[in-house]
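What follows is final_29.cif (mmCIF, N, CA and C atoms).
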data_final
#
loop_
_atom_site.label_atom_id
_atom_site.label_comp_id
_atom_site.auth_asym_id
_atom_site.auth_seq_id
_atom_site.Cartn_x
_atom_site.Cartn_y
_atom_site.Cartn_z
N MET A 1 0.85 -1.17 0.00
CA MET A 1 0.00 0.00 0.00
C MET A 1 0.90 1.24 0.00
N ILE A 2 0.67 2.15 -0.91
CA ILE A 2 1.50 3.35 -0.96
C ILE A 2 1.04 4.36 0.07
N ALA A 3 1.86 5.37 0.32
CA ALA A 3 1.58 6.36 1.35
C ALA A 3 0.23 7.04 1.14
N ASN A 4 -0.09 7.36 -0.10
CA ASN A 4 -1.36 8.01 -0.42
C ASN A 4 -2.54 7.14 0.01
N GLN A 5 -2.46 5.86 -0.27
CA GLN A 5 -3.52 4.93 0.11
C GLN A 5 -3.61 4.79 1.62
N GLN A 6 -2.47 4.76 2.28
CA GLN A 6 -2.46 4.65 3.73
C GLN A 6 -3.11 5.87 4.37
N GLU A 7 -2.76 7.03 3.85
CA GLU A 7 -3.31 8.27 4.41
C GLU A 7 -4.83 8.34 4.22
N SER A 8 -5.30 7.97 3.04
CA SER A 8 -6.75 8.01 2.80
C SER A 8 -7.47 6.97 3.67
N ALA A 9 -6.87 5.80 3.86
CA ALA A 9 -7.46 4.77 4.71
C ALA A 9 -7.50 5.24 6.17
N GLN A 10 -6.46 5.91 6.62
CA GLN A 10 -6.43 6.46 7.98
C GLN A 10 -7.51 7.52 8.14
N PHE A 11 -7.70 8.33 7.13
CA PHE A 11 -8.74 9.37 7.18
C PHE A 11 -10.11 8.73 7.33
N ILE A 12 -10.39 7.70 6.53
CA ILE A 12 -11.69 7.02 6.61
C ILE A 12 -11.89 6.43 8.01
N GLN A 13 -10.86 5.80 8.56
CA GLN A 13 -10.96 5.24 9.90
C GLN A 13 -11.20 6.33 10.94
N SER A 14 -10.57 7.48 10.75
CA SER A 14 -10.76 8.60 11.66
C SER A 14 -12.18 9.14 11.58
N LEU A 15 -12.75 9.18 10.39
CA LEU A 15 -14.15 9.60 10.25
C LEU A 15 -15.06 8.66 11.02
N LYS A 16 -14.81 7.38 10.90
CA LYS A 16 -15.63 6.40 11.59
C LYS A 16 -15.49 6.53 13.10
N ARG A 17 -14.27 6.76 13.58
CA ARG A 17 -14.07 6.96 15.02
C ARG A 17 -14.77 8.23 15.50
N ALA A 18 -14.95 9.19 14.61
CA ALA A 18 -15.64 10.45 14.94
C ALA A 18 -17.16 10.28 14.88
N GLY A 19 -17.63 9.09 14.57
CA GLY A 19 -19.06 8.83 14.57
C GLY A 19 -19.75 8.96 13.23
N ILE A 20 -19.00 8.92 12.15
CA ILE A 20 -19.58 9.01 10.82
C ILE A 20 -19.85 7.61 10.28
N LEU A 21 -21.07 7.40 9.79
CA LEU A 21 -21.41 6.16 9.08
C LEU A 21 -21.17 6.39 7.60
N ILE A 22 -20.64 5.37 6.93
CA ILE A 22 -20.32 5.49 5.51
C ILE A 22 -21.05 4.38 4.76
N GLY A 23 -21.97 4.79 3.90
CA GLY A 23 -22.67 3.83 3.06
C GLY A 23 -21.82 3.47 1.86
N ASN A 24 -21.68 2.16 1.60
CA ASN A 24 -20.85 1.66 0.52
C ASN A 24 -19.37 2.01 0.78
N GLU A 25 -18.96 1.77 2.00
CA GLU A 25 -17.61 2.12 2.46
C GLU A 25 -16.52 1.50 1.60
N GLN A 26 -16.68 0.26 1.22
CA GLN A 26 -15.64 -0.40 0.41
C GLN A 26 -15.41 0.34 -0.90
N GLU A 27 -16.48 0.81 -1.51
CA GLU A 27 -16.37 1.57 -2.75
C GLU A 27 -15.60 2.87 -2.51
N VAL A 28 -15.87 3.53 -1.39
CA VAL A 28 -15.14 4.76 -1.05
C VAL A 28 -13.66 4.46 -0.91
N ILE A 29 -13.33 3.41 -0.17
CA ILE A 29 -11.93 3.04 0.05
C ILE A 29 -11.23 2.74 -1.27
N GLU A 30 -11.89 1.98 -2.14
CA GLU A 30 -11.29 1.64 -3.43
C GLU A 30 -11.07 2.88 -4.29
N ARG A 31 -12.06 3.74 -4.36
CA ARG A 31 -11.93 4.94 -5.19
C ARG A 31 -10.85 5.87 -4.67
N LEU A 32 -10.76 6.04 -3.38
CA LEU A 32 -9.71 6.89 -2.82
C LEU A 32 -8.33 6.27 -3.04
N GLY A 33 -8.25 4.95 -2.93
CA GLY A 33 -6.98 4.27 -3.15
C GLY A 33 -6.48 4.38 -4.57
N GLU A 34 -7.39 4.50 -5.52
CA GLU A 34 -7.03 4.62 -6.93
C GLU A 34 -6.75 6.05 -7.35
N ALA A 35 -7.20 7.00 -6.57
CA ALA A 35 -7.12 8.41 -6.96
C ALA A 35 -5.71 8.97 -6.80
N ARG A 36 -5.35 9.80 -7.71
CA ARG A 36 -4.07 10.48 -7.63
C ARG A 36 -4.10 11.50 -6.49
N GLU A 37 -5.19 12.24 -6.40
CA GLU A 37 -5.39 13.23 -5.34
C GLU A 37 -6.61 12.81 -4.54
N TRP A 38 -6.41 12.06 -3.46
CA TRP A 38 -7.52 11.45 -2.74
C TRP A 38 -8.42 12.48 -2.06
N ARG A 39 -7.90 13.63 -1.67
CA ARG A 39 -8.75 14.65 -1.04
C ARG A 39 -9.79 15.16 -2.04
N TYR A 40 -9.36 15.41 -3.24
CA TYR A 40 -10.28 15.85 -4.29
C TYR A 40 -11.30 14.75 -4.58
N ALA A 41 -10.84 13.51 -4.65
CA ALA A 41 -11.75 12.38 -4.91
C ALA A 41 -12.77 12.25 -3.78
N PHE A 42 -12.33 12.44 -2.54
CA PHE A 42 -13.26 12.36 -1.42
C PHE A 42 -14.32 13.45 -1.52
N THR A 43 -13.89 14.66 -1.80
CA THR A 43 -14.82 15.78 -1.93
C THR A 43 -15.83 15.52 -3.05
N THR A 44 -15.38 14.93 -4.13
CA THR A 44 -16.28 14.58 -5.24
C THR A 44 -17.29 13.53 -4.79
N LEU A 45 -16.83 12.53 -4.04
CA LEU A 45 -17.75 11.50 -3.54
C LEU A 45 -18.76 12.09 -2.56
N VAL A 46 -18.34 13.03 -1.76
CA VAL A 46 -19.25 13.70 -0.83
C VAL A 46 -20.37 14.39 -1.61
N ASN A 47 -19.98 15.09 -2.66
CA ASN A 47 -20.95 15.88 -3.42
C ASN A 47 -21.78 15.08 -4.41
N HIS A 48 -21.26 13.98 -4.93
CA HIS A 48 -21.94 13.27 -6.02
C HIS A 48 -22.05 11.76 -5.81
N GLY A 49 -21.68 11.27 -4.64
CA GLY A 49 -21.65 9.83 -4.40
C GLY A 49 -23.01 9.15 -4.32
N LYS A 50 -24.05 9.89 -4.01
CA LYS A 50 -25.37 9.27 -3.85
C LYS A 50 -25.81 8.53 -5.10
N SER A 51 -25.41 9.03 -6.25
CA SER A 51 -25.82 8.39 -7.51
C SER A 51 -25.22 6.99 -7.67
N ILE A 52 -24.16 6.69 -6.92
CA ILE A 52 -23.56 5.35 -6.98
C ILE A 52 -23.65 4.64 -5.63
N GLY A 53 -24.55 5.13 -4.77
CA GLY A 53 -24.82 4.46 -3.51
C GLY A 53 -23.88 4.80 -2.37
N ILE A 54 -23.14 5.88 -2.50
CA ILE A 54 -22.23 6.31 -1.43
C ILE A 54 -22.89 7.44 -0.66
N TRP A 55 -22.90 7.30 0.66
CA TRP A 55 -23.47 8.35 1.50
C TRP A 55 -22.74 8.39 2.83
N PHE A 56 -22.89 9.50 3.50
CA PHE A 56 -22.26 9.73 4.80
C PHE A 56 -23.34 10.21 5.76
N SER A 57 -23.30 9.73 6.99
CA SER A 57 -24.32 10.08 7.96
C SER A 57 -23.69 10.29 9.33
N ALA A 58 -24.16 11.32 10.02
CA ALA A 58 -23.70 11.58 11.38
C ALA A 58 -24.46 10.69 12.35
N THR A 59 -23.81 10.38 13.46
CA THR A 59 -24.47 9.65 14.54
C THR A 59 -24.53 10.59 15.76
N ALA A 60 -25.09 10.11 16.82
CA ALA A 60 -25.17 10.91 18.04
C ALA A 60 -23.79 11.27 18.58
N ARG A 61 -22.78 10.48 18.23
CA ARG A 61 -21.40 10.74 18.71
C ARG A 61 -20.68 11.81 17.90
N THR A 62 -21.17 12.15 16.73
CA THR A 62 -20.48 13.07 15.84
C THR A 62 -20.52 14.49 16.39
N ARG A 63 -19.37 15.12 16.44
CA ARG A 63 -19.26 16.50 16.90
C ARG A 63 -18.56 17.33 15.84
N SER A 64 -19.12 18.51 15.60
CA SER A 64 -18.57 19.40 14.58
C SER A 64 -17.10 19.73 14.83
N ILE A 65 -16.74 19.97 16.06
CA ILE A 65 -15.35 20.32 16.38
C ILE A 65 -14.40 19.18 16.02
N GLN A 66 -14.83 17.94 16.22
CA GLN A 66 -13.99 16.79 15.84
C GLN A 66 -13.76 16.79 14.34
N LEU A 67 -14.82 17.05 13.58
CA LEU A 67 -14.69 17.05 12.13
C LEU A 67 -13.78 18.18 11.66
N LYS A 68 -13.90 19.36 12.25
CA LYS A 68 -13.03 20.48 11.89
C LYS A 68 -11.56 20.11 12.10
N ARG A 69 -11.27 19.52 13.24
CA ARG A 69 -9.88 19.12 13.54
C ARG A 69 -9.39 18.05 12.58
N LEU A 70 -10.26 17.11 12.27
CA LEU A 70 -9.90 16.01 11.38
C LEU A 70 -9.59 16.53 9.97
N PHE A 71 -10.44 17.39 9.46
CA PHE A 71 -10.21 17.93 8.11
C PHE A 71 -8.96 18.80 8.09
N ALA A 72 -8.70 19.52 9.15
CA ALA A 72 -7.47 20.33 9.23
C ALA A 72 -6.24 19.43 9.29
N ARG A 73 -6.32 18.37 10.08
CA ARG A 73 -5.19 17.44 10.22
C ARG A 73 -4.79 16.81 8.89
N TYR A 74 -5.78 16.54 8.04
CA TYR A 74 -5.51 15.93 6.74
C TYR A 74 -5.40 16.95 5.61
N ASN A 75 -5.26 18.21 5.96
CA ASN A 75 -4.96 19.28 5.01
C ASN A 75 -5.99 19.45 3.89
N PHE A 76 -7.27 19.37 4.25
CA PHE A 76 -8.32 19.65 3.28
C PHE A 76 -8.46 21.16 3.13
N PRO A 77 -8.93 21.62 1.97
CA PRO A 77 -9.19 23.05 1.81
C PRO A 77 -10.23 23.52 2.84
N GLY A 78 -10.23 24.79 3.15
CA GLY A 78 -11.09 25.35 4.18
C GLY A 78 -12.57 25.05 4.07
N ASN A 79 -13.10 24.97 2.86
CA ASN A 79 -14.53 24.77 2.69
C ASN A 79 -14.94 23.29 2.64
N ALA A 80 -14.00 22.37 2.62
CA ALA A 80 -14.31 20.95 2.48
C ALA A 80 -15.09 20.41 3.68
N GLU A 81 -14.69 20.82 4.87
CA GLU A 81 -15.37 20.32 6.07
C GLU A 81 -16.81 20.82 6.12
N ALA A 82 -17.04 22.08 5.79
CA ALA A 82 -18.40 22.63 5.79
C ALA A 82 -19.27 21.93 4.77
N ALA A 83 -18.72 21.64 3.59
CA ALA A 83 -19.47 20.94 2.56
C ALA A 83 -19.79 19.51 3.02
N PHE A 84 -18.84 18.88 3.71
CA PHE A 84 -19.08 17.53 4.21
C PHE A 84 -20.20 17.54 5.24
N GLU A 85 -20.13 18.46 6.20
CA GLU A 85 -21.18 18.53 7.21
C GLU A 85 -22.55 18.79 6.59
N ALA A 86 -22.58 19.60 5.54
CA ALA A 86 -23.84 19.91 4.88
C ALA A 86 -24.45 18.67 4.21
N CYS A 87 -23.63 17.73 3.81
CA CYS A 87 -24.13 16.54 3.11
C CYS A 87 -24.57 15.43 4.06
N LEU A 88 -24.23 15.53 5.34
CA LEU A 88 -24.54 14.45 6.26
C LEU A 88 -26.05 14.22 6.36
N GLN A 89 -26.42 12.96 6.29
CA GLN A 89 -27.84 12.59 6.39
C GLN A 89 -28.22 12.46 7.84
N GLY A 90 -29.49 12.62 8.10
CA GLY A 90 -29.97 12.34 9.44
C GLY A 90 -30.02 13.46 10.34
#

Would you mind writing the structure in this file as structure tokens?
Amino acid sequence: MIANQQESAQFIQSLKRAGILIGNEQEVIERLGEAREWRYAFTTLVNHGKSIGIWFSATARTRSIQLKRLFARYNFPGNAEAAFEACLQG
């Protein structure tokens, strides 16, 4: 597994630890692993993944501050975290 794939896999695991449910998680992992720029690929899946059965949902454990820190830690652009929170179901 190359560094890019490891980083994207760690990010997905961190989202899950933060209380995010991921619909069609294996597809997300595969697409991020294949992507040259996994952050851009993730943002695209957030915005357009529903058409292929990918979705993200908050649970009672999910906290906005955790997500802000997580997105900052993985060097996402400033608006990525807000767009992600806006897409959360439930």

- From A:Gly49, A:Gln10, A:Arg69, A:Thr62, residue lying nearest A:Val28 [only C-alpha atoms]: A:Gly49

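If only C-alpha atoms are the atoms counted, then among A:Leu70, A:Ile22, A:Lys16, A:Arg63 the closest residue to A:Val46 is A:Ile22.
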
- Specify as a PyMOL selection string each residue included when the PyMOL selection byres (((chain A and resi 80 and name CA) around 12) and name CA) is applied to this file. chain A and resi 39-47+67-68+70-72+74-79+81-87

- Message: Counting only N, CA and C atoms, I want the residues whose atoms come within 6.5 Å of (-20.4, 5.9, -3.4) in the file frame, returned as a ChimeraX atom specification.
- Response: /A:23-24,27-28,45,49-50,52-55

- For atom N of A:Glu37 and atom CA of A:Thr59, determine how far apart the two atoms are, in Å to one decimal place.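 Taking atom N of A:Glu37 as the start and atom CA of A:Thr59 as the end point, the length is 28.6 Å.
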
- Would you kindly translate the PyMOL selection byres (((chain A and resi 58 and name CA) around 9) and name CA) into the concrete residues it picks from this file, as a ChimeraX atom specification? /A:18-21,56-57,59-63,85,88-90

- Query: Hey, can you check how far atom C of A:Ile2 sits from atom N of A:Gln26?
  - Reply: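 Separation of atom C of A:Ile2 and atom N of A:Gln26: 18.2 Å.
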
- Task: Could you find all residues in chain A that DSSP calls strand (DSSP E or B) from the backbone, and write them as a PyMOL selection string?
- Result: chain A and resi 20-23+55-58+89

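The space separating atom CA of A:Glu7 from atom N of A:Gln66 comes to 19.1 Å.
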
- Message: Running the PyMOL selection byres (((chain A and resi 5 and name CA) around 9) and name CA) on this model by hand, what would come out? Give it as a list in words.
- Response: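 Selection result, ordered by chain and number: Met1, Ile2, Ala3, Asn4, Gln6, Glu7, Ser8, Ala9, Gln10, Ile29, Leu32, Gly33, Glu34, Ala35 and Trp38 of chain A.
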
Assuming 6 Å of padding per side, give the centre and edge lengths of the axis-aligned box around every listed atom of stretch 28-45 of chain A, in Å to one decimal and as lines of an AutoDock Vina configuration file.
center_x = -11.4
center_y = 8.7
center_z = -3.8
size_x = 26.7
size_y = 26.2
size_z = 19.8

Let's see if you can do this: from backbone DSSP, list all helix (DSSP H, G or I) residues in chain A, as a compact mmCIF listing (two decimals) with N, CA and C atoms, keeping the file's coordinate frame.
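File produced: result_33.txt:
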# COMPACT_ATOMS: atom_id res chain seq x y z
N ALA A 3 1.86 5.37 0.32
CA ALA A 3 1.58 6.36 1.35
C ALA A 3 0.23 7.04 1.14
N ASN A 4 -0.09 7.36 -0.10
CA ASN A 4 -1.36 8.01 -0.42
C ASN A 4 -2.54 7.14 0.01
N GLN A 5 -2.46 5.86 -0.27
CA GLN A 5 -3.52 4.93 0.11
C GLN A 5 -3.61 4.79 1.62
N GLN A 6 -2.47 4.76 2.28
CA GLN A 6 -2.46 4.65 3.73
C GLN A 6 -3.11 5.87 4.37
N GLU A 7 -2.76 7.03 3.85
CA GLU A 7 -3.31 8.27 4.41
C GLU A 7 -4.83 8.34 4.22
N SER A 8 -5.30 7.97 3.04
CA SER A 8 -6.75 8.01 2.80
C SER A 8 -7.47 6.97 3.67
N ALA A 9 -6.87 5.80 3.86
CA ALA A 9 -7.46 4.77 4.71
C ALA A 9 -7.50 5.24 6.17
N GLN A 10 -6.46 5.91 6.62
CA GLN A 10 -6.43 6.46 7.98
C GLN A 10 -7.51 7.52 8.14
N PHE A 11 -7.70 8.33 7.13
CA PHE A 11 -8.74 9.37 7.18
C PHE A 11 -10.11 8.73 7.33
N ILE A 12 -10.39 7.70 6.53
CA ILE A 12 -11.69 7.02 6.61
C ILE A 12 -11.89 6.43 8.01
N GLN A 13 -10.86 5.80 8.56
CA GLN A 13 -10.96 5.24 9.90
C GLN A 13 -11.20 6.33 10.94
N SER A 14 -10.57 7.48 10.75
CA SER A 14 -10.76 8.60 11.66
C SER A 14 -12.18 9.14 11.58
N LEU A 15 -12.75 9.18 10.39
CA LEU A 15 -14.15 9.60 10.25
C LEU A 15 -15.06 8.66 11.02
N LYS A 16 -14.81 7.38 10.90
CA LYS A 16 -15.63 6.40 11.59
C LYS A 16 -15.49 6.53 13.10
N ARG A 17 -14.27 6.76 13.58
CA ARG A 17 -14.07 6.96 15.02
C ARG A 17 -14.77 8.23 15.50
N GLU A 25 -18.96 1.77 2.00
CA GLU A 25 -17.61 2.12 2.46
C GLU A 25 -16.52 1.50 1.60
N GLN A 26 -16.68 0.26 1.22
CA GLN A 26 -15.64 -0.40 0.41
C GLN A 26 -15.41 0.34 -0.90
N GLU A 27 -16.48 0.81 -1.51
CA GLU A 27 -16.37 1.57 -2.75
C GLU A 27 -15.60 2.87 -2.51
N VAL A 28 -15.87 3.53 -1.39
CA VAL A 28 -15.14 4.76 -1.05
C VAL A 28 -13.66 4.46 -0.91
N ILE A 29 -13.33 3.41 -0.17
CA ILE A 29 -11.93 3.04 0.05
C ILE A 29 -11.23 2.74 -1.27
N GLU A 30 -11.89 1.98 -2.14
CA GLU A 30 -11.29 1.64 -3.43
C GLU A 30 -11.07 2.88 -4.29
N ARG A 31 -12.06 3.74 -4.36
CA ARG A 31 -11.93 4.94 -5.19
C ARG A 31 -10.85 5.87 -4.67
N LEU A 32 -10.76 6.04 -3.38
CA LEU A 32 -9.71 6.89 -2.82
C LEU A 32 -8.33 6.27 -3.04
N GLY A 33 -8.25 4.95 -2.93
CA GLY A 33 -6.98 4.27 -3.15
C GLY A 33 -6.48 4.38 -4.57
N GLU A 34 -7.39 4.50 -5.52
CA GLU A 34 -7.03 4.62 -6.93
C GLU A 34 -6.75 6.05 -7.35
N TRP A 38 -6.41 12.06 -3.46
CA TRP A 38 -7.52 11.45 -2.74
C TRP A 38 -8.42 12.48 -2.06
N ARG A 39 -7.90 13.63 -1.67
CA ARG A 39 -8.75 14.65 -1.04
C ARG A 39 -9.79 15.16 -2.04
N TYR A 40 -9.36 15.41 -3.24
CA TYR A 40 -10.28 15.85 -4.29
C TYR A 40 -11.30 14.75 -4.58
N ALA A 41 -10.84 13.51 -4.65
CA ALA A 41 -11.75 12.38 -4.91
C ALA A 41 -12.77 12.25 -3.78
N PHE A 42 -12.33 12.44 -2.54
CA PHE A 42 -13.26 12.36 -1.42
C PHE A 42 -14.32 13.45 -1.52
N THR A 43 -13.89 14.66 -1.80
CA THR A 43 -14.82 15.78 -1.93
C THR A 43 -15.83 15.52 -3.05
N THR A 44 -15.38 14.93 -4.13
CA THR A 44 -16.28 14.58 -5.24
C THR A 44 -17.29 13.53 -4.79
N LEU A 45 -16.83 12.53 -4.04
CA LEU A 45 -17.75 11.50 -3.54
C LEU A 45 -18.76 12.09 -2.56
N VAL A 46 -18.34 13.03 -1.76
CA VAL A 46 -19.25 13.70 -0.83
C VAL A 46 -20.37 14.39 -1.61
N ASN A 47 -19.98 15.09 -2.66
CA ASN A 47 -20.95 15.88 -3.42
C ASN A 47 -21.78 15.08 -4.41
N HIS A 48 -21.26 13.98 -4.93
CA HIS A 48 -21.94 13.27 -6.02
C HIS A 48 -22.05 11.76 -5.81
N GLY A 49 -21.68 11.27 -4.64
CA GLY A 49 -21.65 9.83 -4.40
C GLY A 49 -23.01 9.15 -4.32
N LYS A 50 -24.05 9.89 -4.01
CA LYS A 50 -25.37 9.27 -3.85
C LYS A 50 -25.81 8.53 -5.10
N SER A 51 -25.41 9.03 -6.25
CA SER A 51 -25.82 8.39 -7.51
C SER A 51 -25.22 6.99 -7.67
N ILE A 52 -24.16 6.69 -6.92
CA ILE A 52 -23.56 5.35 -6.98
C ILE A 52 -23.65 4.64 -5.63
N SER A 64 -19.12 18.51 15.60
CA SER A 64 -18.57 19.40 14.58
C SER A 64 -17.10 19.73 14.83
N ILE A 65 -16.74 19.97 16.06
CA ILE A 65 -15.35 20.32 16.38
C ILE A 65 -14.40 19.18 16.02
N GLN A 66 -14.83 17.94 16.22
CA GLN A 66 -13.99 16.79 15.84
C GLN A 66 -13.76 16.79 14.34
N LEU A 67 -14.82 17.05 13.58
CA LEU A 67 -14.69 17.05 12.13
C LEU A 67 -13.78 18.18 11.66
N LYS A 68 -13.90 19.36 12.25
CA LYS A 68 -13.03 20.48 11.89
C LYS A 68 -11.56 20.11 12.10
N ARG A 69 -11.27 19.52 13.24
CA ARG A 69 -9.88 19.12 13.54
C ARG A 69 -9.39 18.05 12.58
N LEU A 70 -10.26 17.11 12.27
CA LEU A 70 -9.90 16.01 11.38
C LEU A 70 -9.59 16.53 9.97
N PHE A 71 -10.44 17.39 9.46
CA PHE A 71 -10.21 17.93 8.11
C PHE A 71 -8.96 18.80 8.09
N ALA A 72 -8.70 19.52 9.15
CA ALA A 72 -7.47 20.33 9.23
C ALA A 72 -6.24 19.43 9.29
N ARG A 73 -6.32 18.37 10.08
CA ARG A 73 -5.19 17.44 10.22
C ARG A 73 -4.79 16.81 8.89
N ALA A 80 -14.00 22.37 2.62
CA ALA A 80 -14.31 20.95 2.48
C ALA A 80 -15.09 20.41 3.68
N GLU A 81 -14.69 20.82 4.87
CA GLU A 81 -15.37 20.32 6.07
C GLU A 81 -16.81 20.82 6.12
N ALA A 82 -17.04 22.08 5.79
CA ALA A 82 -18.40 22.63 5.79
C ALA A 82 -19.27 21.93 4.77
N ALA A 83 -18.72 21.64 3.59
CA ALA A 83 -19.47 20.94 2.56
C ALA A 83 -19.79 19.51 3.02
N PHE A 84 -18.84 18.88 3.71
CA PHE A 84 -19.08 17.53 4.21
C PHE A 84 -20.20 17.54 5.24
N GLU A 85 -20.13 18.46 6.20
CA GLU A 85 -21.18 18.53 7.21
C GLU A 85 -22.55 18.79 6.59
N ALA A 86 -22.58 19.60 5.54
CA ALA A 86 -23.84 19.91 4.88
C ALA A 86 -24.45 18.67 4.21
N CYS A 87 -23.63 17.73 3.81
CA CYS A 87 -24.13 16.54 3.11
C CYS A 87 -24.57 15.43 4.06
